[in-house]
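Enquirer: See coords_31.tsv below, with TSV, C-alpha atoms.
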```tsv
chain	number	residue	atom	x	y	z
A	243	MET	CA	-25.60	-5.62	9.28
A	244	SER	CA	-27.37	-8.12	7.06
A	245	LEU	CA	-30.87	-9.48	6.84
A	246	MET	CA	-30.90	-13.13	7.75
A	247	PRO	CA	-33.90	-15.41	7.95
A	248	ALA	CA	-31.91	-17.41	10.45
A	249	GLY	CA	-31.52	-17.82	14.18
A	250	ASN	CA	-28.50	-17.56	16.40
A	251	ASP	CA	-27.78	-21.24	15.88
A	252	THR	CA	-26.88	-20.64	12.24
A	253	ALA	CA	-23.21	-21.19	11.47
A	254	ILE	CA	-21.85	-18.52	9.14
A	255	ILE	CA	-19.29	-19.93	6.75
A	256	GLY	CA	-16.80	-17.24	5.66
A	257	ILE	CA	-14.59	-17.28	2.58
A	258	GLY	CA	-12.48	-20.44	2.49
A	259	GLU	CA	-14.24	-22.02	5.48
A	260	TYR	CA	-16.39	-25.15	5.78
A	261	ARG	CA	-18.59	-26.83	8.37
A	262	VAL	CA	-19.99	-30.31	8.69
A	263	GLY	CA	-23.08	-31.06	10.79
A	264	SER	CA	-26.85	-30.78	11.04
A	265	MET	CA	-27.20	-27.16	12.21
A	266	PRO	CA	-28.40	-24.49	9.75
A	267	MET	CA	-25.48	-22.96	7.85
A	268	ALA	CA	-25.17	-19.80	5.77
A	269	SER	CA	-22.75	-17.94	3.54
A	270	ILE	CA	-23.15	-14.20	3.14
A	271	GLY	CA	-22.74	-12.42	-0.19
A	272	LEU	CA	-21.30	-14.95	-2.62
A	273	GLY	CA	-19.88	-13.27	-5.73
A	274	SER	CA	-17.45	-15.24	-7.85
A	275	CYS	CA	-17.08	-17.65	-4.91
A	276	VAL	CA	-19.20	-20.78	-4.88
A	277	GLY	CA	-21.20	-22.17	-1.98
A	278	LEU	CA	-21.13	-25.96	-2.30
A	279	ILE	CA	-23.35	-28.22	-0.27
A	280	LEU	CA	-22.87	-31.93	0.14
A	281	HIS	CA	-26.02	-33.30	1.75
A	282	ASP	CA	-26.55	-36.77	3.17
A	283	ARG	CA	-30.16	-37.74	2.40
A	284	GLN	CA	-30.06	-40.62	4.87
A	285	THR	CA	-28.86	-38.87	8.00
A	286	GLY	CA	-30.01	-35.28	7.51
A	287	THR	CA	-26.51	-33.99	7.94
A	288	GLY	CA	-24.19	-32.36	5.48
A	289	ALA	CA	-21.56	-29.76	4.80
A	290	LEU	CA	-21.26	-26.26	3.39
A	291	VAL	CA	-18.04	-24.85	1.99
A	292	HIS	CA	-17.34	-21.32	0.68
A	293	ILE	CA	-14.92	-21.91	-2.21
A	294	MET	CA	-12.87	-18.97	-3.55
A	295	LEU	CA	-10.50	-20.38	-6.18
A	296	PRO	CA	-10.43	-23.39	-8.51
A	297	SER	CA	-7.05	-24.86	-7.61
A	298	SER	CA	-4.95	-25.18	-4.44
A	299	GLN	CA	-1.69	-25.55	-6.42
A	300	GLY	CA	-0.56	-27.98	-3.74
A	301	LYS	CA	-1.34	-25.79	-0.72
A	302	THR	CA	-2.97	-27.52	2.23
A	303	ASP	CA	-3.43	-24.86	4.94
A	304	ARG	CA	-6.94	-23.74	3.87
A	305	PRO	CA	-8.62	-26.71	2.23
A	306	GLY	CA	-12.02	-24.97	2.07
A	307	LYS	CA	-10.66	-22.14	-0.07
A	308	TYR	CA	-10.01	-24.19	-3.23
A	309	ALA	CA	-12.38	-26.37	-5.24
A	310	ASP	CA	-10.02	-29.36	-5.42
A	311	THR	CA	-9.10	-29.58	-1.73
A	312	ALA	CA	-12.56	-28.51	-0.53
A	313	ILE	CA	-14.42	-31.48	-1.99
A	314	GLU	CA	-11.72	-33.84	-0.76
A	315	VAL	CA	-11.89	-32.61	2.82
A	316	LEU	CA	-15.71	-32.57	2.90
A	317	LEU	CA	-15.91	-36.14	1.65
A	318	LYS	CA	-13.34	-37.26	4.19
A	319	GLU	CA	-15.16	-35.61	7.09
A	320	LEU	CA	-18.62	-36.75	6.00
A	321	ILE	CA	-17.45	-40.33	5.62
A	322	ARG	CA	-15.71	-40.21	8.98
A	323	GLY	CA	-19.02	-38.95	10.44
A	324	GLY	CA	-20.79	-42.04	9.13
A	325	SER	CA	-22.06	-40.90	5.73
A	326	SER	CA	-21.98	-43.23	2.79
A	327	PRO	CA	-20.86	-41.56	-0.44
A	328	SER	CA	-23.80	-43.09	-2.31
A	329	ASN	CA	-26.24	-41.11	-0.13
A	330	LEU	CA	-24.64	-37.78	-0.92
A	331	ILE	CA	-26.06	-35.15	-3.24
A	332	ALA	CA	-24.62	-31.74	-4.11
A	333	LYS	CA	-26.09	-28.27	-4.57
A	334	ILE	CA	-24.16	-25.26	-5.79
A	335	ALA	CA	-24.77	-21.51	-5.79
A	336	GLY	CA	-22.66	-18.49	-6.71
A	337	GLY	CA	-19.94	-18.29	-9.35
A	338	SER	CA	-21.09	-14.97	-10.76
A	339	ALA	CA	-19.10	-12.30	-12.58
A	340	MET	CA	-19.69	-9.01	-10.77
A	341	PHE	CA	-17.35	-6.89	-12.90
A	342	LYS	CA	-16.90	-6.45	-16.60
A	343	THR	CA	-13.50	-4.80	-16.76
A	344	PHE	CA	-10.44	-4.46	-14.48
A	345	SER	CA	-7.32	-6.48	-14.82
A	346	GLY	CA	-7.14	-9.82	-13.09
A	347	ASN	CA	-9.10	-12.94	-13.75
A	348	LEU	CA	-12.71	-12.11	-14.33
A	349	ASN	CA	-13.95	-15.60	-15.11
A	350	ILE	CA	-12.99	-17.09	-11.73
A	351	GLY	CA	-16.64	-17.83	-10.94
A	352	GLU	CA	-17.06	-19.85	-14.10
A	353	ARG	CA	-13.81	-21.73	-13.53
A	354	ASN	CA	-14.73	-22.49	-9.93
A	355	VAL	CA	-17.97	-24.07	-11.11
A	356	GLU	CA	-16.21	-26.01	-13.87
A	357	VAL	CA	-13.72	-27.62	-11.48
A	358	ILE	CA	-16.42	-28.39	-8.91
A	359	ARG	CA	-18.55	-30.14	-11.56
A	360	LYS	CA	-15.59	-32.20	-12.73
A	361	ILE	CA	-14.58	-33.37	-9.26
A	362	LEU	CA	-18.17	-34.16	-8.23
A	363	LYS	CA	-18.54	-36.22	-11.38
A	364	GLU	CA	-15.34	-38.13	-10.65
A	365	ASN	CA	-16.79	-38.95	-7.23
A	366	ASN	CA	-20.24	-39.89	-8.61
A	367	ILE	CA	-22.03	-37.24	-6.58
A	368	PRO	CA	-25.06	-35.88	-8.46
A	369	ILE	CA	-25.78	-32.14	-8.53
A	370	LYS	CA	-29.43	-31.88	-7.49
A	371	GLY	CA	-29.75	-28.13	-7.61
A	372	GLU	CA	-27.83	-25.14	-8.84
A	373	ASP	CA	-28.16	-21.39	-9.08
A	374	ILE	CA	-24.99	-20.10	-10.65
A	375	GLY	CA	-23.54	-17.41	-12.90
A	376	GLY	CA	-24.97	-14.07	-13.90
A	377	CYS	CA	-23.67	-10.87	-12.37
A	378	VAL	CA	-25.50	-10.92	-9.08
A	379	GLY	CA	-24.54	-11.59	-5.45
A	380	ARG	CA	-26.16	-14.39	-3.44
A	381	THR	CA	-26.61	-15.17	0.24
A	382	ILE	CA	-27.41	-18.80	0.93
A	383	PHE	CA	-28.96	-20.72	3.83
A	384	TYR	CA	-28.64	-24.48	4.10
A	385	TYR	CA	-30.94	-26.52	6.35
A	386	PRO	CA	-29.63	-30.10	6.65
A	387	LYS	CA	-32.57	-31.24	8.79
A	388	GLU	CA	-35.15	-30.00	6.28
A	389	ASN	CA	-34.18	-32.40	3.48
A	390	GLY	CA	-31.14	-30.31	2.71
A	391	LYS	CA	-33.19	-27.27	1.71
A	392	LEU	CA	-31.12	-24.45	0.25
A	393	VAL	CA	-32.61	-20.93	0.35
A	394	ILE	CA	-31.03	-18.32	-1.89
A	395	LYS	CA	-31.40	-14.57	-1.54
A	396	LYS	CA	-30.14	-12.62	-4.54
A	397	GLY	CA	-28.74	-9.12	-4.88
A	398	ASP	CA	-31.83	-8.10	-6.83
A	399	GLY	CA	-33.97	-9.06	-3.83
A	400	LYS	CA	-35.36	-12.34	-5.24
A	401	LEU	CA	-35.68	-15.35	-2.95
A	402	SER	CA	-35.60	-18.90	-4.27
A	403	GLU	CA	-35.26	-22.42	-2.97
A	404	LEU	CA	-33.35	-25.45	-4.20
B	86	MET	CA	1.86	-9.54	7.43
B	87	LYS	CA	1.43	-7.73	10.72
B	88	LEU	CA	1.16	-3.99	11.05
B	89	THR	CA	2.85	-2.24	13.96
B	90	HIS	CA	1.06	0.45	15.97
B	91	MET	CA	3.20	3.05	14.33
B	92	GLN	CA	2.33	1.82	10.86
B	93	ILE	CA	-1.36	1.85	11.71
B	94	ASP	CA	-1.05	5.42	13.04
B	95	ALA	CA	0.73	6.45	9.87
B	96	LEU	CA	-1.89	4.84	7.64
B	97	GLN	CA	-4.59	6.49	9.70
B	98	GLU	CA	-3.00	9.85	9.07
B	99	LEU	CA	-2.84	9.09	5.37
B	100	GLY	CA	-6.52	8.10	5.40
B	101	ASN	CA	-7.40	11.28	7.28
B	102	ILE	CA	-5.79	13.44	4.64
B	103	GLY	CA	-7.33	11.56	1.73
B	104	ALA	CA	-10.77	11.47	3.29
B	105	ALA	CA	-10.62	15.15	4.23
B	106	HIS	CA	-9.97	16.03	0.58
B	107	ALA	CA	-12.84	13.78	-0.52
B	108	ALA	CA	-15.15	15.25	2.13
B	109	THR	CA	-14.40	18.78	0.94
B	110	THR	CA	-15.46	17.95	-2.61
B	111	LEU	CA	-18.62	16.18	-1.40
B	112	SER	CA	-19.42	19.17	0.77
B	113	THR	CA	-19.09	21.47	-2.26
B	114	MET	CA	-21.29	19.25	-4.41
B	115	LEU	CA	-24.02	19.08	-1.77
B	116	SER	CA	-23.56	22.57	-0.34
B	117	ALA	CA	-23.67	20.99	3.09
B	118	ASN	CA	-21.37	20.10	5.95
B	119	ILE	CA	-19.83	16.64	5.87
B	120	SER	CA	-18.67	14.93	9.03
B	121	MET	CA	-15.90	12.40	8.81
B	122	SER	CA	-14.99	9.48	11.06
B	123	VAL	CA	-11.49	8.58	12.17
B	124	PRO	CA	-10.26	6.04	9.59
B	125	GLU	CA	-10.49	2.44	10.70
B	126	ILE	CA	-7.52	0.31	9.75
B	127	LYS	CA	-7.44	-3.43	10.29
B	128	MET	CA	-5.86	-6.55	8.91
B	129	ILE	CA	-8.71	-8.99	8.40
B	130	ASP	CA	-8.70	-12.62	7.45
B	131	ILE	CA	-10.77	-13.33	4.34
B	132	SER	CA	-13.01	-15.65	6.37
B	133	GLU	CA	-14.12	-12.67	8.50
B	134	ILE	CA	-14.86	-10.11	5.82
B	135	TYR	CA	-18.58	-10.74	6.19
B	136	LYS	CA	-18.37	-9.24	9.69
B	137	TYR	CA	-17.38	-5.89	8.18
B	138	VAL	CA	-19.28	-5.81	4.87
B	139	GLY	CA	-22.59	-7.56	4.57
B	140	ASP	CA	-25.19	-8.38	1.95
B	141	GLU	CA	-27.45	-5.35	2.22
B	142	ILE	CA	-27.73	-3.82	-1.22
B	143	ALA	CA	-25.59	-0.77	-1.73
B	144	ALA	CA	-24.05	1.20	-4.55
B	145	LEU	CA	-20.35	0.58	-4.96
B	146	VAL	CA	-18.24	2.76	-7.19
B	147	LEU	CA	-15.00	0.95	-7.73
B	148	PHE	CA	-11.64	2.15	-8.95
B	149	GLN	CA	-8.48	0.24	-9.56
B	150	VAL	CA	-5.50	2.29	-8.42
B	151	ASN	CA	-2.49	2.44	-10.68
B	152	GLY	CA	0.59	4.57	-10.78
B	153	GLU	CA	4.12	4.02	-9.64
B	154	VAL	CA	2.97	0.78	-8.13
B	155	LYS	CA	1.27	-1.42	-10.71
B	156	HIS	CA	-2.06	-2.97	-9.75
B	157	GLY	CA	-1.74	-1.04	-6.51
B	158	GLY	CA	-5.14	-1.90	-5.17
B	159	TYR	CA	-8.72	-0.76	-5.14
B	160	LEU	CA	-10.57	2.27	-3.89
B	161	LEU	CA	-14.24	1.94	-3.31
B	162	LEU	CA	-16.98	4.42	-2.58
B	163	TYR	CA	-19.80	2.71	-0.73
B	164	ILE	CA	-23.25	4.30	-0.45
B	165	PRO	CA	-26.28	2.45	0.99
B	166	LYS	CA	-29.22	2.31	-1.40
B	167	THR	CA	-31.43	4.72	0.55
B	168	SER	CA	-28.64	7.29	0.65
B	169	VAL	CA	-28.15	7.06	-3.11
B	170	VAL	CA	-31.64	8.43	-3.81
B	171	ARG	CA	-31.09	11.26	-1.34
B	172	LEU	CA	-27.68	12.01	-2.86
B	173	THR	CA	-29.04	12.29	-6.41
B	174	ASN	CA	-31.97	14.35	-5.16
B	175	ALA	CA	-29.69	16.74	-3.28
B	176	MET	CA	-27.48	17.18	-6.33
B	177	LEU	CA	-30.30	17.68	-8.82
B	178	GLY	CA	-32.77	19.44	-6.56
B	179	LEU	CA	-35.34	16.62	-6.69
B	180	THR	CA	-37.68	15.68	-3.87
B	181	ASP	CA	-39.16	12.25	-4.65
B	182	VAL	CA	-37.51	9.81	-2.21
B	183	ASP	CA	-39.77	6.85	-2.86
B	184	ARG	CA	-38.42	5.67	-6.19
B	185	GLU	CA	-36.25	2.97	-7.68
B	186	LEU	CA	-32.65	3.70	-8.72
B	187	ASP	CA	-32.37	4.63	-12.39
B	188	GLU	CA	-29.86	5.90	-14.93
B	189	MET	CA	-29.92	9.33	-13.36
B	190	ASP	CA	-28.68	7.86	-10.07
B	191	GLU	CA	-26.06	5.85	-11.90
B	192	SER	CA	-24.59	8.91	-13.60
B	193	ALA	CA	-24.70	10.84	-10.33
B	194	LEU	CA	-22.87	8.01	-8.54
B	195	LEU	CA	-20.17	7.76	-11.19
B	196	GLU	CA	-19.70	11.51	-11.14
B	197	VAL	CA	-19.54	11.77	-7.35
B	198	GLY	CA	-17.29	8.72	-7.21
B	199	ASN	CA	-14.87	10.15	-9.76
B	200	ILE	CA	-14.62	13.48	-8.01
B	201	MET	CA	-14.29	12.11	-4.48
B	202	VAL	CA	-11.81	9.40	-5.34
B	203	SER	CA	-9.62	11.75	-7.38
B	204	ALA	CA	-9.64	14.13	-4.42
B	205	PHE	CA	-8.74	11.30	-2.05
B	206	LEU	CA	-5.78	10.29	-4.20
B	207	ASP	CA	-4.68	13.91	-4.70
B	208	GLY	CA	-4.61	14.32	-0.94
B	209	THR	CA	-2.57	11.21	-0.28
B	210	ALA	CA	-0.26	11.95	-3.22
B	211	GLU	CA	0.52	15.37	-1.78
B	212	LEU	CA	1.59	13.81	1.49
B	213	LEU	CA	3.50	10.87	0.09
B	214	ASN	CA	4.82	12.33	-3.11
B	215	ILE	CA	3.49	9.29	-4.91
B	216	ILE	CA	1.37	9.24	-8.03
B	217	MET	CA	-1.72	7.10	-7.80
B	218	LEU	CA	-4.23	7.23	-10.60
B	219	PRO	CA	-7.75	5.84	-10.51
B	220	SER	CA	-9.01	3.66	-13.39
B	221	PRO	CA	-12.37	4.54	-14.94
B	222	PRO	CA	-15.04	3.70	-12.37
B	223	GLN	CA	-17.21	0.62	-12.31
B	224	LEU	CA	-20.58	0.79	-10.71
B	225	VAL	CA	-22.15	-2.18	-8.99
B	226	ILE	CA	-25.45	-2.02	-7.15
B	227	ASP	CA	-25.49	-5.29	-5.26
B	228	MET	CA	-24.26	-7.04	-2.12
B	229	PRO	CA	-21.00	-5.42	-0.96
B	230	HIS	CA	-19.54	-8.72	0.26
B	231	ALA	CA	-20.11	-10.32	-3.14
B	232	ALA	CA	-18.31	-7.48	-4.90
B	233	ILE	CA	-15.36	-7.44	-2.52
B	234	GLU	CA	-14.83	-11.19	-2.50
B	235	SER	CA	-14.90	-11.13	-6.31
B	236	ILE	CA	-12.14	-8.52	-6.35
B	237	ILE	CA	-10.04	-10.60	-3.98
B	238	ALA	CA	-10.60	-13.79	-5.97
B	239	SER	CA	-9.76	-12.05	-9.26
B	240	GLN	CA	-6.21	-11.55	-8.00
B	241	GLU	CA	-5.80	-15.29	-8.25
B	242	SER	CA	-2.02	-15.33	-8.55
B	243	GLU	CA	-1.73	-13.44	-5.25
B	244	ASP	CA	-3.88	-16.07	-3.51
B	245	ILE	CA	-4.92	-13.58	-0.83
B	246	ASP	CA	-5.50	-14.78	2.75
B	247	GLU	CA	-5.91	-11.44	4.48
B	248	ILE	CA	-6.70	-7.90	3.44
B	249	VAL	CA	-6.10	-4.48	4.89
B	250	LEU	CA	-9.41	-2.83	5.57
B	251	PHE	CA	-9.13	0.90	5.45
B	252	LYS	CA	-12.44	2.63	5.97
B	253	THR	CA	-13.63	6.18	6.58
B	254	ALA	CA	-17.26	7.20	6.92
B	255	LEU	CA	-18.45	10.47	5.42
B	256	VAL	CA	-21.88	11.65	6.52
B	257	SER	CA	-24.10	14.57	5.59
B	258	ASP	CA	-26.56	15.18	8.42
B	259	ALA	CA	-28.46	17.83	6.47
B	260	HIS	CA	-29.33	15.39	3.68
B	261	ASN	CA	-29.12	12.20	5.76
B	262	ILE	CA	-26.55	10.69	3.40
B	263	GLN	CA	-24.15	7.98	4.55
B	264	SER	CA	-21.10	6.97	2.61
B	265	SER	CA	-17.78	5.25	3.20
B	266	ILE	CA	-14.52	5.13	1.37
B	267	PHE	CA	-12.67	1.82	1.41
B	268	LEU	CA	-9.10	1.34	0.29
B	269	PHE	CA	-7.79	-2.15	-0.34
B	270	PRO	CA	-4.09	-1.81	-1.00
B	271	ASN	CA	-2.30	-4.82	-2.44
B	272	HIS	CA	0.81	-5.88	-0.59
B	273	PRO	CA	3.37	-4.15	-2.84
B	274	MET	CA	1.42	-0.89	-2.61
B	275	LEU	CA	0.96	-1.23	1.13
B	276	GLU	CA	4.68	-1.79	1.59
B	277	ASP	CA	5.50	1.19	-0.60
B	278	ILE	CA	3.06	3.43	1.30
B	279	ILE	CA	4.43	2.31	4.67
B	280	ARG	CA	8.02	2.86	3.56
B	281	ARG	CA	7.21	6.39	2.40
B	282	LEU	CA	5.29	7.17	5.57
B	283	GLU	CA	8.17	5.96	7.72
B	284	GLU	CA	10.58	8.15	5.76
B	285	LEU	CA	8.28	11.08	6.43
B	286	LEU	CA	8.18	10.37	10.13
B	287	ASN	CA	11.89	9.61	10.44
B	288	PRO	CA	13.60	11.58	7.72
B	289	PRO	CA	17.06	10.22	6.88
B	290	ILE	CA	19.76	12.52	8.26
```
Output the file's structure in the form of structure tokens.
Expert:
Amino acid sequence: MSLMPAGNDTAIIGIGEYRVGSMPMASIGLGSCVGLILHDRQTGTGALVHIMLPSSQGKTDRPGKYADTAIEVLLKELIRGGSSPSNLIAKIAGGSAMFKTFSGNLNIGERNVEVIRKILKENNIPIKGEDIGGCVGRTIFYYPKENGKLVIKKGDGKLSEL
Amino acid sequence: MKLTHMQIDALQELGNIGAAHAATTLSTMLSANISMSVPEIKMIDISEIYKYVGDEIAALVLFQVNGEVKHGGYLLLYIPKTSVVRLTNAMLGLTDVDRELDEMDESALLEVGNIMVSAFLDGTAELLNIIMLPSPPQLVIDMPHAAIESIIASQESEDIDEIVLFKTALVSDAHNIQSSIFLFPNHPMLEDIIRRLEELLNPPI
């Protein structure tokens, strides 16, 4: 179905989902959604979340779906797993605008990124790499054990690394 | 929301009729036979969409469906990149298959999309006695998952957790062209369609 430079041990993180650990993780076809990585430089572990919307509006059933609850739950789980917040760095990819017209909110990608930046700043987590915006889809692969390497494959076929 | 077997059967019938109309127009445009799959209808959680639509580049011609039900949903014509070149070639009598997509392909896609989607909606309207009009098309040549998740996210106030996947494949063996039609009805439209289908199956006495 999709080309993946990844083995069977890669965890695929669908819309609104997150994982914490040291196995390779991937999100397929990010559009206006944002793939956020919190990586622990000390332990070689981290988390990937596939965020769809900026605000949970108080909902708690899918924390990974919304920027506000996603960062909260990742921090909680990483700290419980032994990470110290001061060792954490962030990388973000996605947040594009695939369509020009149609009713509905077309700047969701931008707003997702805005809220993520704000909350990361409040938590003193630096963004060490980003590939956001434009009107292109992205598939991302995160390798916690390889210094938190993030490989990005774009809809126009370009590969890059953060 | 859970669909009963009967509702799925009814939606399948609706898809059959719409897709058959679309297939007829495609067949005319290509002067070739088109085979059509039985429509696949599933409720899928947003976290599993990637299992059904991936990140291999394809052309997507997208229509918003309006009519009696406002913001009814989206209809999408999906054609893998390699099939796009063959489709344009078949329509324009060209032979070069080893080329990049250009403006010519884009106009062909918009044209084919318009005709097929209008036919699809005419077919379903005939059955349901419901008016559904397609918006002007939008063409995206990119990762299908990225496009679909963006559509879902753009309906922010609905805060969607699951979608109805409604898919029919249309294939031309003569030209080796693959295509699929997807319908993503929003909940109000889905409910309206199901109500009308049930009335058809069990007419009030």
Enquirer: Have a look at CA of Gly277 (chain A) and CA of Arg359 (chain A) and let me know their distance in Å, one decimal.
Expert: 12.7 Å
Enquirer: Hey, can you check how far CA of Val276 (chain A) sits from CA of Glu241 (chain B)?
Expert: 14.9 Å
Enquirer: At a cut-off of 8 Å, which residues of chain B touch chain A? Count only C-alpha atoms and give the answer as a ChimeraX atom specification.
Expert: /B:131-135,138-142,149,223,225,227-232,234-235,238-241
Enquirer: Convert the current residue selection to file output with C-alpha atoms, as a PDB file, keeping the file's coordinate frame.
Expert:
```pdb
ATOM      1  CA  ILE B 131     -10.770 -13.330   4.340  1.00  0.00           C
ATOM      2  CA  SER B 132     -13.010 -15.650   6.370  1.00  0.00           C
ATOM      3  CA  GLU B 133     -14.120 -12.670   8.500  1.00  0.00           C
ATOM      4  CA  ILE B 134     -14.860 -10.110   5.820  1.00  0.00           C
ATOM      5  CA  TYR B 135     -18.580 -10.740   6.190  1.00  0.00           C
ATOM      6  CA  VAL B 138     -19.280  -5.810   4.870  1.00  0.00           C
ATOM      7  CA  GLY B 139     -22.590  -7.560   4.570  1.00  0.00           C
ATOM      8  CA  ASP B 140     -25.190  -8.380   1.950  1.00  0.00           C
ATOM      9  CA  GLU B 141     -27.450  -5.350   2.220  1.00  0.00           C
ATOM     10  CA  ILE B 142     -27.730  -3.820  -1.220  1.00  0.00           C
ATOM     11  CA  GLN B 149      -8.480   0.240  -9.560  1.00  0.00           C
ATOM     12  CA  GLN B 223     -17.210   0.620 -12.310  1.00  0.00           C
ATOM     13  CA  VAL B 225     -22.150  -2.180  -8.990  1.00  0.00           C
ATOM     14  CA  ASP B 227     -25.490  -5.290  -5.260  1.00  0.00           C
ATOM     15  CA  MET B 228     -24.260  -7.040  -2.120  1.00  0.00           C
ATOM     16  CA  PRO B 229     -21.000  -5.420  -0.960  1.00  0.00           C
ATOM     17  CA  HIS B 230     -19.540  -8.720   0.260  1.00  0.00           C
ATOM     18  CA  ALA B 231     -20.110 -10.320  -3.140  1.00  0.00           C
ATOM     19  CA  ALA B 232     -18.310  -7.480  -4.900  1.00  0.00           C
ATOM     20  CA  GLU B 234     -14.830 -11.190  -2.500  1.00  0.00           C
ATOM     21  CA  SER B 235     -14.900 -11.130  -6.310  1.00  0.00           C
ATOM     22  CA  ALA B 238     -10.600 -13.790  -5.970  1.00  0.00           C
ATOM     23  CA  SER B 239      -9.760 -12.050  -9.260  1.00  0.00           C
ATOM     24  CA  GLN B 240      -6.210 -11.550  -8.000  1.00  0.00           C
ATOM     25  CA  GLU B 241      -5.800 -15.290  -8.250  1.00  0.00           C
TER      26      GLU B 241
END
```
Enquirer: Nearest to Thr285 (chain A) among A:Ala253, A:Lys391, A:Ser264, A:Lys301, with distances taken over only C-alpha atoms: which residue is it?
Expert: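 Between A:Ala253, A:Lys391, A:Ser264, A:Lys301, the residue approaching Thr285 (chain A) most closely is A:Ser264.
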Enquirer: Distance CA of Ser325 (chain A)-CA of Ile361 (chain A), one decimal place?
Expert: 18.4 Å
Enquirer: For a quick check of understanding, using all atoms listed in the file, which of B:Ser122, B:Asn199, B:Asn287, B:Ser242 has the smallest distance to Ile102 (chain B)?
Expert: B:Ser122
Enquirer: Since fewer atoms than expected are present, regenerate N, CA and C atoms for region 188-205 of chain B and write them as an mmCIF file, in the frame of the given file.
Expert:
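Result file is part27.cif:
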```cif
data_model
loop_
_atom_site.group_PDB
_atom_site.id
_atom_site.type_symbol
_atom_site.label_atom_id
_atom_site.label_comp_id
_atom_site.auth_asym_id
_atom_site.auth_seq_id
_atom_site.Cartn_x
_atom_site.Cartn_y
_atom_site.Cartn_z
ATOM 1 N N GLU B 188 -31.073 5.429 -14.265
ATOM 2 C CA GLU B 188 -29.860 5.900 -14.930
ATOM 3 C C GLU B 188 -29.342 7.214 -14.360
ATOM 4 N N MET B 189 -30.288 8.041 -13.932
ATOM 5 C CA MET B 189 -29.920 9.330 -13.360
ATOM 6 C C MET B 189 -29.056 9.115 -12.111
ATOM 7 N N ASP B 190 -29.472 8.160 -11.272
ATOM 8 C CA ASP B 190 -28.680 7.860 -10.070
ATOM 9 C C ASP B 190 -27.326 7.300 -10.450
ATOM 10 N N GLU B 191 -27.324 6.460 -11.490
ATOM 11 C CA GLU B 191 -26.060 5.850 -11.900
ATOM 12 C C GLU B 191 -25.063 6.898 -12.362
ATOM 13 N N SER B 192 -25.537 7.873 -13.168
ATOM 14 C CA SER B 192 -24.590 8.910 -13.600
ATOM 15 C C SER B 192 -24.147 9.762 -12.414
ATOM 16 N N ALA B 193 -25.078 10.037 -11.497
ATOM 17 C CA ALA B 193 -24.700 10.840 -10.330
ATOM 18 C C ALA B 193 -23.642 10.115 -9.512
ATOM 19 N N LEU B 194 -23.823 8.797 -9.334
ATOM 20 C CA LEU B 194 -22.870 8.010 -8.540
ATOM 21 C C LEU B 194 -21.489 7.996 -9.181
ATOM 22 N N LEU B 195 -21.453 7.802 -10.495
ATOM 23 C CA LEU B 195 -20.170 7.760 -11.190
ATOM 24 C C LEU B 195 -19.461 9.107 -11.080
ATOM 25 N N GLU B 196 -20.253 10.156 -11.220
ATOM 26 C CA GLU B 196 -19.700 11.510 -11.140
ATOM 27 C C GLU B 196 -19.144 11.787 -9.735
ATOM 28 N N VAL B 197 -19.966 11.537 -8.742
ATOM 29 C CA VAL B 197 -19.540 11.770 -7.350
ATOM 30 C C VAL B 197 -18.337 10.895 -7.027
ATOM 31 N N GLY B 198 -18.394 9.641 -7.476
ATOM 32 C CA GLY B 198 -17.290 8.720 -7.210
ATOM 33 C C GLY B 198 -15.997 9.228 -7.815
ATOM 34 N N ASN B 199 -16.054 9.623 -9.068
ATOM 35 C CA ASN B 199 -14.870 10.150 -9.760
ATOM 36 C C ASN B 199 -14.259 11.321 -9.009
ATOM 37 N N ILE B 200 -15.109 12.258 -8.646
ATOM 38 C CA ILE B 200 -14.620 13.480 -8.010
ATOM 39 C C ILE B 200 -14.037 13.186 -6.630
ATOM 40 N N MET B 201 -14.758 12.383 -5.846
ATOM 41 C CA MET B 201 -14.290 12.110 -4.480
ATOM 42 C C MET B 201 -13.020 11.279 -4.469
ATOM 43 N N VAL B 202 -12.969 10.281 -5.343
ATOM 44 C CA VAL B 202 -11.810 9.400 -5.340
ATOM 45 C C VAL B 202 -10.568 10.119 -5.877
ATOM 46 N N SER B 203 -10.760 10.958 -6.892
ATOM 47 C CA SER B 203 -9.620 11.750 -7.380
ATOM 48 C C SER B 203 -9.106 12.657 -6.273
ATOM 49 N N ALA B 204 -10.046 13.249 -5.522
ATOM 50 C CA ALA B 204 -9.640 14.130 -4.420
ATOM 51 C C ALA B 204 -8.890 13.348 -3.345
ATOM 52 N N PHE B 205 -9.387 12.151 -3.043
ATOM 53 C CA PHE B 205 -8.740 11.300 -2.050
ATOM 54 C C PHE B 205 -7.287 11.025 -2.456
#
```
